[in-house]
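Worksheet for the structure shown next.
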Amino acid sequence: MQKENPNSQSFSPSLVLFGALGDLSLRKLLPSLYQLDKAGLLPEETQILGLARQAFNNEEFVQTTDEALIRFIPKDELDSAVKQRFLQRLDYQELDMKESTAYAKLKTKLADWNPLVTYYLATPPAIFGDICSNLNASGLNTPTSRIVLEKPIGHDLASSKVINDTVGEFFNEQQVYRIDHYLGKETVQNLLALRFANPIFADLWNHDHISYVEITVAEEVGIEGRWGYFDHAGQMRDMVQNHLLQLLCLVAMEPPTRLDSDSIRNEKVRVLEALEPMQPHTINKHLVRGQYGDGHYADKAAPGYLNEPDANTQSSTETYMALRADISNWRWAGTPFYLRTGKRMRSKLTEIIIHFRPSRHFIFDADQEPLAENKLVIRLQPYEGISLQVLTKEQGIDKGMRLRRDPLHLDFAQTQGSKRLPDAYERLLLEALKGNQSLFVRRDEVEAAWKWCDQIRATWEQSASPLHTYPAGTQGPHAAYDMIEAFGHRWYEHC
Ligand code: BG6
């Protein structure tokens with residue numbers, strides 16, 4: 001019989017937010033909690049304790065949160081009665097998170113709170129270990145406690161193991177919720193519904209019917225004052241290792257036996273483990289690195305990466321990556337997955353394109369054969385929807401059997417009449433409080449993703465892979481177009 005996980009599927013009404021005055025908390029976490037409250041998803045007894053080093057009192061924390069809500073929530077979504085109710089849930093305590101003796105005061109504070117506590121670590125990973133060890137030593141880690149960890153979990157496999165080992169010394173895996181905020185996005189979840197609830201797609205989802213898959217995550221933003229962090233990360237660590245690989249896993253994984261967290265995560269790990277390493281002799285054909293130069297953004301001149309404030313002008317960190325990933329398994333052998341992501345691109349766009357193979361026998365005019373490919377476009381950002389490109393006959397008696405490609409289009413906001421789509425953090429906070437780990441990344445997933453990325457990084461360093469420049473506000477380096485075209489494929493916007 002399966003041992004019951006004491007940690008799962010019960011609502012945790014006590015939330016302790018480490019780093020409560022940081023950017024993530026004020027911009028995302030507290031506004032998301034307000035939205036959950038507004039949607040009636042926080043039980044009455046929910047209490048939120050903010051912790052940070054600043055010597056604030058409760059009133060100052062409430063006031064700072066109030067200002068953040070006004071700043072980050074659209075006016076028409078702020079309801080003053082809900083806001084008052086939400087602000088009353090807040091409490092604050094000053095805490096030196098590294099100082100073990102300071103936790104006695106925290107224990108006293110939590111003594112009459114509901115013992116089902118979730119600790120959210122919106123702090124640099126360098127202090128995860130101290131926090132976990134101090135919570136444990138002060139008796140604040142019970143079998144029902146949960147701990148939520150923000151990315152990055154390390155900067156390579158070795159450092160991620162150190163973080164996971166330190167956390168794992170005190171919290172078992174069933175207590176740990178590692179965030180990848182892409183897993184909280186509506187369409188990412190919809191991928192599971194699309195793939196596994198629609199037999200029409202389920203039966204075609206393999207190398208026999210799909211010629212290639214594209215995953216594009218283009219960002220309009222640049223480095224946004226994070227130059228120091230970003231320069232050590234680059235787009236490979238900041239985006240590919242987590243968000244893009246999670247999307248790839250959801251597109252490529254086998255159907256899980258059930259929709260529970262371990263069944264889903266087992267399948268994702270299998271995909272990561274089947275990713276082929278890069279070979280030194282092919283890396284320059286399979287991978288393109290880029291860095292934005294001076295250009296334009298929102299109709300204004302925008303500085304290149306090396307001219308951003310605080311920049312080291314010698315940096316060779318990539319702000320753009322395009323690469324071909326191959327998955328060595330029965331389902332995908334021979335179907336490449338092309339991933340690309342960049343900062344300071346023309347517009348914000350996240351989409352997955354499934355290119356279906358053309359039919360084997362084409363009976364229409366031969367010049368139309370290149371048209372004959374169905375594509376499924378799964379759009380995550382800026383709006384969420386799905387569109388299937390199908391071929392139809394051009395209307396008109398003079399048109400003969402000329403073909404045209406039209407989209408069968410689903411815009412989720414329209415079809416489902418939803419006024420607003422919840423932010424990814426709303427869903428993730430709710431699921432962590434409910435004790436559902438499906439949308440969180442398990443340790444073996446993080447490590448398998450790092451292993452693959454580390455191998456690629458090491459190979460490009462040995463092979464002195466070139467760094468291509470692209471002007472800010474454009475679609476990335478030409479080399480990325482040459483790369484995919486060399487395999488007989490094209491990025492969607494060029495199809
Ligand atoms: C974060 C990265 O994880 O994701 C940022 O650290 C990036 O660099 C952000 O800008 C993108 O998230 P979204 O939801 O805006 O696509």
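Chain lettering (A, B, ...) mirrors the order of the structure tokens, residue numbering begins at 1 for each chain separately, and ligand numbering begins at 1 in order of display.
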Any idea what's packed within 12 Å of Asn307 (chain A), counting only C-alpha atoms, ignoring anything in its chain fewer than 4 positions away? Could you give it as JSON, numbers by chain?
{"A": [222, 223, 227, 291, 292, 293, 294, 295, 301, 302, 303, 311, 312, 313, 314, 315, 472]}
Ligand 1: which residues are within 7 Å, counting only C-alpha atoms and all ligand atoms? Reply as a PDB file with N, CA and C atoms, in the first residue's frame.
```pdb
ATOM      1  N   HIS A 181       7.916  29.537 -12.591  1.00  0.00           N
ATOM      2  CA  HIS A 181       6.613  30.201 -12.715  1.00  0.00           C
ATOM      3  C   HIS A 181       5.907  29.885 -14.039  1.00  0.00           C
ATOM      4  N   TYR A 182       6.663  29.361 -15.036  1.00  0.00           N
ATOM      5  CA  TYR A 182       5.994  28.986 -16.288  1.00  0.00           C
ATOM      6  C   TYR A 182       4.967  27.876 -16.065  1.00  0.00           C
ATOM      7  N   GLU A 219      11.572  37.960 -25.396  1.00  0.00           N
ATOM      8  CA  GLU A 219      11.244  38.994 -24.400  1.00  0.00           C
ATOM      9  C   GLU A 219      11.595  40.359 -24.961  1.00  0.00           C
ATOM     10  N   VAL A 221      11.882  42.909 -22.840  1.00  0.00           N
ATOM     11  CA  VAL A 221      12.700  43.542 -21.800  1.00  0.00           C
ATOM     12  C   VAL A 221      14.181  43.218 -22.003  1.00  0.00           C
ATOM     13  N   ASP A 238      19.332  31.332 -17.301  1.00  0.00           N
ATOM     14  CA  ASP A 238      18.186  32.119 -16.835  1.00  0.00           C
ATOM     15  C   ASP A 238      16.873  31.613 -17.424  1.00  0.00           C
ATOM     16  N   MET A 239      16.894  31.116 -18.641  1.00  0.00           N
ATOM     17  CA  MET A 239      15.630  30.762 -19.317  1.00  0.00           C
ATOM     18  C   MET A 239      15.587  29.319 -19.836  1.00  0.00           C
TER      19      MET A 239
END
```
Using only C-alpha atoms, tabulate the residues of region 188-303 of chain A lying at most 12 Å from any atom of region 8-18 of chain A, each with its closest atom pair and that distance in Å to one decimal, by chain and increasing residue number, as a tab-separated table.
```
residue	atom	partner	partner_atom	distance
A:Asp260	CA	A:Ser8	CA	11.0
A:Ser261	CA	A:Ser8	CA	10.2
A:Asp262	CA	A:Ser8	CA	12.0
```
For those residues, write N, CA, C and O atoms to a file as a PDB file, in the first residue's frame.
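Result file is selection.pdb:
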```pdb
ATOM      1  N   ASP A 260      -1.423  12.848 -11.087  1.00  0.00           N
ATOM      2  CA  ASP A 260      -0.855  13.262  -9.802  1.00  0.00           C
ATOM      3  C   ASP A 260       0.589  13.719  -9.991  1.00  0.00           C
ATOM      4  O   ASP A 260       1.204  13.505 -11.038  1.00  0.00           O
ATOM      5  N   SER A 261       1.110  14.374  -8.944  1.00  0.00           N
ATOM      6  CA  SER A 261       2.395  15.039  -9.124  1.00  0.00           C
ATOM      7  C   SER A 261       3.510  14.074  -9.507  1.00  0.00           C
ATOM      8  O   SER A 261       4.302  14.362 -10.400  1.00  0.00           O
ATOM      9  N   ASP A 262       3.564  12.902  -8.877  1.00  0.00           N
ATOM     10  CA  ASP A 262       4.692  12.039  -9.202  1.00  0.00           C
ATOM     11  C   ASP A 262       4.575  11.434 -10.584  1.00  0.00           C
ATOM     12  O   ASP A 262       5.582  11.311 -11.296  1.00  0.00           O
TER      13      ASP A 262
END
```
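Among the residues of region 379-490 of chain A, backbone DSSP assigns strand (DSSP E) to A:Arg379, A:Leu380, A:Gln381, A:Gly385, A:Ile386, A:Ser387, A:Leu388, A:Gln389, A:Val390, A:Leu391, A:Thr392, A:Lys393, A:Leu403, A:Arg404, A:Arg405, A:Asp406, A:Pro407, A:Leu408, A:His409, A:Leu410, A:Asp411, A:Leu467, A:His468, A:Thr469, A:Tyr470, A:Pro471.
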Using only C-alpha atoms, determine which residues lie at most 9 Å from region 24-37 of chain A, disregarding the query and same-chain residues fewer than 5 positions distant; provide the list as a list in words.
Leu17, Phe18, Gly19, Leu42, Pro43, Thr64, Thr65, Glu67, Ala68, Leu69, Arg71, Phe72, Ile73, Glu77, Leu78, Val82, Lys83, Arg85, Phe86, Leu87, Ala122, Pro422, Asp423, Ala424, Tyr425, Glu426, Arg427, Leu429 and Leu430 of chain A
Convert the current residue selection to file output with N, CA, C and O atoms, as a short mmCIF file (atom, residue, chain, number, x, y, z; two decimals), in the first residue's frame.
```cif
data_model
loop_
_atom_site.label_atom_id
_atom_site.label_comp_id
_atom_site.auth_asym_id
_atom_site.auth_seq_id
_atom_site.Cartn_x
_atom_site.Cartn_y
_atom_site.Cartn_z
N LEU A 17 6.39 34.48 4.80
CA LEU A 17 7.07 34.98 3.60
C LEU A 17 8.44 35.54 3.96
O LEU A 17 8.55 36.63 4.52
N PHE A 18 9.49 34.78 3.66
CA PHE A 18 10.86 35.27 3.87
C PHE A 18 11.20 36.20 2.71
O PHE A 18 11.02 35.83 1.56
N GLY A 19 11.72 37.38 3.01
CA GLY A 19 12.02 38.34 1.93
C GLY A 19 10.78 39.12 1.55
O GLY A 19 10.56 39.42 0.37
N LEU A 42 -8.99 32.05 -0.30
CA LEU A 42 -8.23 31.96 0.95
C LEU A 42 -9.21 31.77 2.10
O LEU A 42 -10.05 32.63 2.35
N PRO A 43 -9.13 30.65 2.80
CA PRO A 43 -10.03 30.46 3.93
C PRO A 43 -9.87 31.59 4.95
O PRO A 43 -8.81 32.25 5.02
N THR A 64 3.23 49.43 3.25
CA THR A 64 4.06 49.11 2.06
C THR A 64 3.30 48.15 1.15
O THR A 64 3.33 48.27 -0.08
N THR A 65 2.60 47.18 1.75
CA THR A 65 1.84 46.23 0.94
C THR A 65 0.70 46.96 0.22
O THR A 65 0.46 46.74 -0.98
N GLU A 67 0.61 50.01 -0.73
CA GLU A 67 1.17 50.77 -1.86
C GLU A 67 1.49 49.84 -3.03
O GLU A 67 1.27 50.18 -4.19
N ALA A 68 2.01 48.64 -2.69
CA ALA A 68 2.35 47.68 -3.76
C ALA A 68 1.07 47.23 -4.48
O ALA A 68 1.05 47.09 -5.70
N LEU A 69 0.00 47.02 -3.73
CA LEU A 69 -1.25 46.58 -4.37
C LEU A 69 -1.74 47.66 -5.33
O LEU A 69 -2.16 47.39 -6.45
N ARG A 71 0.02 49.84 -6.79
CA ARG A 71 0.93 49.99 -7.92
C ARG A 71 0.82 48.82 -8.91
O ARG A 71 0.87 49.01 -10.12
N PHE A 72 0.67 47.62 -8.40
CA PHE A 72 0.78 46.46 -9.30
C PHE A 72 -0.54 45.79 -9.67
O PHE A 72 -0.54 44.83 -10.44
N ILE A 73 -1.64 46.27 -9.13
CA ILE A 73 -2.92 45.66 -9.50
C ILE A 73 -3.72 46.70 -10.28
O ILE A 73 -3.83 47.85 -9.84
N GLU A 77 -9.45 46.22 -10.62
CA GLU A 77 -9.45 44.93 -9.90
C GLU A 77 -9.27 45.12 -8.40
O GLU A 77 -9.27 44.16 -7.64
N LEU A 78 -9.08 46.37 -8.00
CA LEU A 78 -8.87 46.63 -6.56
C LEU A 78 -10.20 46.96 -5.91
O LEU A 78 -10.85 47.94 -6.27
N VAL A 82 -12.26 44.14 -0.06
CA VAL A 82 -11.37 42.95 -0.10
C VAL A 82 -9.98 43.36 0.38
O VAL A 82 -9.32 42.64 1.12
N LYS A 83 -9.56 44.55 -0.06
CA LYS A 83 -8.21 44.99 0.32
C LYS A 83 -8.10 45.10 1.85
O LYS A 83 -7.12 44.64 2.44
N ARG A 85 -9.82 43.49 4.07
CA ARG A 85 -9.82 42.13 4.63
C ARG A 85 -8.43 41.51 4.45
O ARG A 85 -7.88 40.90 5.37
N PHE A 86 -7.86 41.72 3.25
CA PHE A 86 -6.56 41.12 2.97
C PHE A 86 -5.47 41.72 3.88
O PHE A 86 -4.67 40.99 4.48
N LEU A 87 -5.47 43.03 4.01
CA LEU A 87 -4.42 43.69 4.81
C LEU A 87 -4.49 43.25 6.27
O LEU A 87 -3.47 43.20 6.97
N ALA A 122 11.44 33.76 -0.62
CA ALA A 122 11.68 34.71 -1.72
C ALA A 122 12.98 35.44 -1.41
O ALA A 122 13.02 36.66 -1.25
N PRO A 422 -5.52 34.54 -14.51
CA PRO A 422 -4.74 34.70 -13.29
C PRO A 422 -3.24 34.70 -13.58
O PRO A 422 -2.79 34.02 -14.50
N ASP A 423 -2.50 35.45 -12.81
CA ASP A 423 -1.05 35.43 -12.92
C ASP A 423 -0.56 34.05 -12.48
O ASP A 423 -1.17 33.40 -11.62
N ALA A 424 0.57 33.64 -13.08
CA ALA A 424 1.12 32.31 -12.75
C ALA A 424 1.32 32.15 -11.23
O ALA A 424 1.10 31.08 -10.67
N TYR A 425 1.73 33.23 -10.57
CA TYR A 425 2.00 33.11 -9.12
C TYR A 425 0.73 32.87 -8.31
O TYR A 425 0.78 32.29 -7.24
N GLU A 426 -0.40 33.33 -8.82
CA GLU A 426 -1.65 33.07 -8.08
C GLU A 426 -1.88 31.57 -8.01
O GLU A 426 -2.16 31.00 -6.96
N ARG A 427 -1.76 30.94 -9.18
CA ARG A 427 -2.00 29.49 -9.22
C ARG A 427 -0.95 28.76 -8.37
O ARG A 427 -1.28 27.86 -7.60
N LEU A 429 0.91 29.81 -5.84
CA LEU A 429 0.73 30.00 -4.39
C LEU A 429 -0.44 29.14 -3.89
O LEU A 429 -0.34 28.48 -2.86
N LEU A 430 -1.51 29.15 -4.65
CA LEU A 430 -2.68 28.38 -4.23
C LEU A 430 -2.35 26.89 -4.16
O LEU A 430 -2.69 26.21 -3.18
#
```
What lies within 12 Å of Gln189 (chain A) using only C-alpha atoms, ignoring chain neighbours under 2 positions off, as a compact mmCIF listing (two decimals) with C-alpha atoms, in the first residue's frame?
```txt
# COMPACT_ATOMS: atom_id res chain seq x y z
CA HIS A 181 6.61 30.20 -12.72
CA TYR A 182 5.99 28.99 -16.29
CA LEU A 183 4.27 25.95 -14.80
CA GLY A 184 1.64 28.27 -13.33
CA LYS A 185 0.66 29.77 -16.68
CA GLU A 186 -2.79 28.84 -17.91
CA THR A 187 -1.74 27.60 -21.35
CA LEU A 191 -0.98 21.62 -22.86
CA LEU A 192 -1.91 18.63 -20.72
CA ALA A 193 -5.58 18.99 -21.64
CA LEU A 194 -4.79 19.51 -25.30
CA ARG A 195 -2.50 16.52 -25.53
CA PHE A 196 -4.22 14.01 -23.32
CA GLN A 246 9.78 22.64 -18.77
CA LEU A 247 7.81 23.54 -21.90
CA LEU A 250 5.26 19.01 -21.36
CA VAL A 251 5.20 18.80 -25.15
CA LEU A 259 -2.68 13.35 -13.12
CA ILE A 264 3.65 13.80 -14.21
CA ILE A 378 0.09 27.18 -29.00
CA LEU A 380 1.21 31.47 -24.18
CA GLU A 384 -3.29 32.76 -24.60
CA ALA A 424 1.12 32.31 -12.75
CA ARG A 427 -2.00 29.49 -9.22
CA LEU A 428 1.36 28.42 -7.78
CA SER A 438 2.30 18.72 -9.61
CA LEU A 439 3.19 22.25 -10.70
```
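CA of Arg360 (chain A) is found 23.5 Å from CA of Ser387 (chain A).
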One number please: CA of Pro466 (chain A) to CA of Met236 (chain A), in Å, one decimal.
14.8 Å
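Residues in contact range of Ala218 (chain A), defined as at most 6 Å between only C-alpha atoms, with sequence neighbours fewer than 5 positions away removed, read Thr341, Gly342, Lys348 and Leu349 of chain A.
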Any idea what's packed within 8 Å of Glu220 (chain A), counting only C-alpha atoms, ignoring anything in its chain fewer than 3 positions away? Could you give it as a PyMOL selection string?
chain A and resi 297+343-348+473
Residues just named, written with N, CA, C and O atoms as a JSON list (two decimals), in the first residue's frame:
```
[["chain", "number", "residue", "atom", "x", "y", "z"],
["A", 297, "TYR", "N", 14.09, 50.31, -28.85],
["A", 297, "TYR", "CA", 13.10, 49.63, -28.04],
["A", 297, "TYR", "C", 11.99, 50.64, -27.78],
["A", 297, "TYR", "O", 12.29, 51.78, -27.38],
["A", 343, "LYS", "N", 16.54, 38.23, -25.02],
["A", 343, "LYS", "CA", 16.11, 39.47, -24.39],
["A", 343, "LYS", "C", 16.22, 40.59, -25.41],
["A", 343, "LYS", "O", 16.97, 40.49, -26.38],
["A", 344, "ARG", "N", 15.46, 41.68, -25.14],
["A", 344, "ARG", "CA", 15.44, 42.85, -26.04],
["A", 344, "ARG", "C", 15.15, 42.44, -27.48],
["A", 344, "ARG", "O", 15.86, 42.83, -28.41],
["A", 345, "MET", "N", 14.09, 41.68, -27.63],
["A", 345, "MET", "CA", 13.68, 41.30, -28.97],
["A", 345, "MET", "C", 12.55, 42.24, -29.40],
["A", 345, "MET", "O", 12.11, 43.08, -28.62],
["A", 346, "ARG", "N", 12.05, 42.04, -30.59],
["A", 346, "ARG", "CA", 11.07, 42.99, -31.13],
["A", 346, "ARG", "C", 9.82, 43.09, -30.27],
["A", 346, "ARG", "O", 9.28, 44.14, -30.02],
["A", 347, "SER", "N", 9.31, 41.93, -29.83],
["A", 347, "SER", "CA", 8.11, 41.97, -29.00],
["A", 347, "SER", "C", 8.11, 40.76, -28.08],
["A", 347, "SER", "O", 8.87, 39.81, -28.28],
["A", 348, "LYS", "N", 7.23, 40.83, -27.07],
["A", 348, "LYS", "CA", 7.14, 39.70, -26.14],
["A", 348, "LYS", "C", 6.27, 38.63, -26.78],
["A", 348, "LYS", "O", 5.16, 38.91, -27.21],
["A", 473, "GLY", "N", 15.78, 45.17, -30.10],
["A", 473, "GLY", "CA", 14.49, 45.42, -30.74],
["A", 473, "GLY", "C", 14.28, 44.66, -32.05],
["A", 473, "GLY", "O", 13.40, 45.00, -32.83]]
```
For Ile153 (chain A), which residue out of A:His232, A:Arg443, A:Arg340, A:Arg270 is the nearest one, using only C-alpha atoms?
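With only C-alpha atoms as the atom set, the closest residue is A:Arg443.
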Run DSSP on the backbone and grab whatever in region 329-442 of chain A lands in alpha helix (DSSP H); send it over as a list in words.
Phe412, Ala413, Gln414, Thr415, Ala424, Tyr425, Glu426, Arg427, Leu428, Leu429, Leu430, Glu431, Ala432, Leu433 and Lys434 of chain A
Export C-alpha atoms of the chosen residues as a PDB file, in the first residue's frame?
```
ATOM      1  CA  PHE A 412      -9.137  31.552 -24.462  1.00  0.00           C
ATOM      2  CA  ALA A 413     -10.157  34.958 -23.132  1.00  0.00           C
ATOM      3  CA  GLN A 414     -12.918  35.098 -25.749  1.00  0.00           C
ATOM      4  CA  THR A 415     -14.092  31.496 -25.845  1.00  0.00           C
ATOM      5  CA  ALA A 424       1.120  32.313 -12.746  1.00  0.00           C
ATOM      6  CA  TYR A 425       1.997  33.114  -9.123  1.00  0.00           C
ATOM      7  CA  GLU A 426      -1.653  33.066  -8.081  1.00  0.00           C
ATOM      8  CA  ARG A 427      -1.996  29.494  -9.219  1.00  0.00           C
ATOM      9  CA  LEU A 428       1.357  28.423  -7.777  1.00  0.00           C
ATOM     10  CA  LEU A 429       0.728  30.002  -4.392  1.00  0.00           C
ATOM     11  CA  LEU A 430      -2.684  28.381  -4.230  1.00  0.00           C
ATOM     12  CA  GLU A 431      -1.346  24.951  -5.201  1.00  0.00           C
ATOM     13  CA  ALA A 432       1.469  25.169  -2.651  1.00  0.00           C
ATOM     14  CA  LEU A 433      -1.003  26.148   0.060  1.00  0.00           C
ATOM     15  CA  LYS A 434      -3.215  23.239  -1.022  1.00  0.00           C
TER      16      LYS A 434
END
```
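Within the 9 Å cut-off around Val271 (chain A), using only C-alpha atoms and omitting residues fewer than 3 positions from it on the same chain, the listed residues are A:Leu248, A:Cys249, A:Ala252, A:Met253, A:Glu254, A:Glu267, A:Lys268, A:Ala274, A:Leu275, A:Ile327, A:Ser328, A:Asn329.
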Determine the nearest neighbour of Pro309 (chain A) from the options A:His355, A:Asn57, A:Arg237, A:Gly228, counting only C-alpha atoms.
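Nearest to Pro309 (chain A): A:Gly228.
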Point-to-point distance in Å for CA of Gln63 (chain A) and CA of Lys107 (chain A)
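Computing the Euclidean distance for CA of Lys107 (chain A) and CA of Gln63 (chain A) yields 24.6 Å.
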When distances are computed from only C-alpha atoms, which of A:His478, A:Arg89, A:Lys393, A:Lys419 shows the smallest separation from Glu45 (chain A)?
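Under the stated criterion, the closest residue is A:Arg89.
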Which residue out of A:Gly334, A:Tyr119, A:Phe356, A:Asn136 has the minimum interatomic distance to Ala104 (chain A) when only C-alpha atoms are used?
A:Asn136
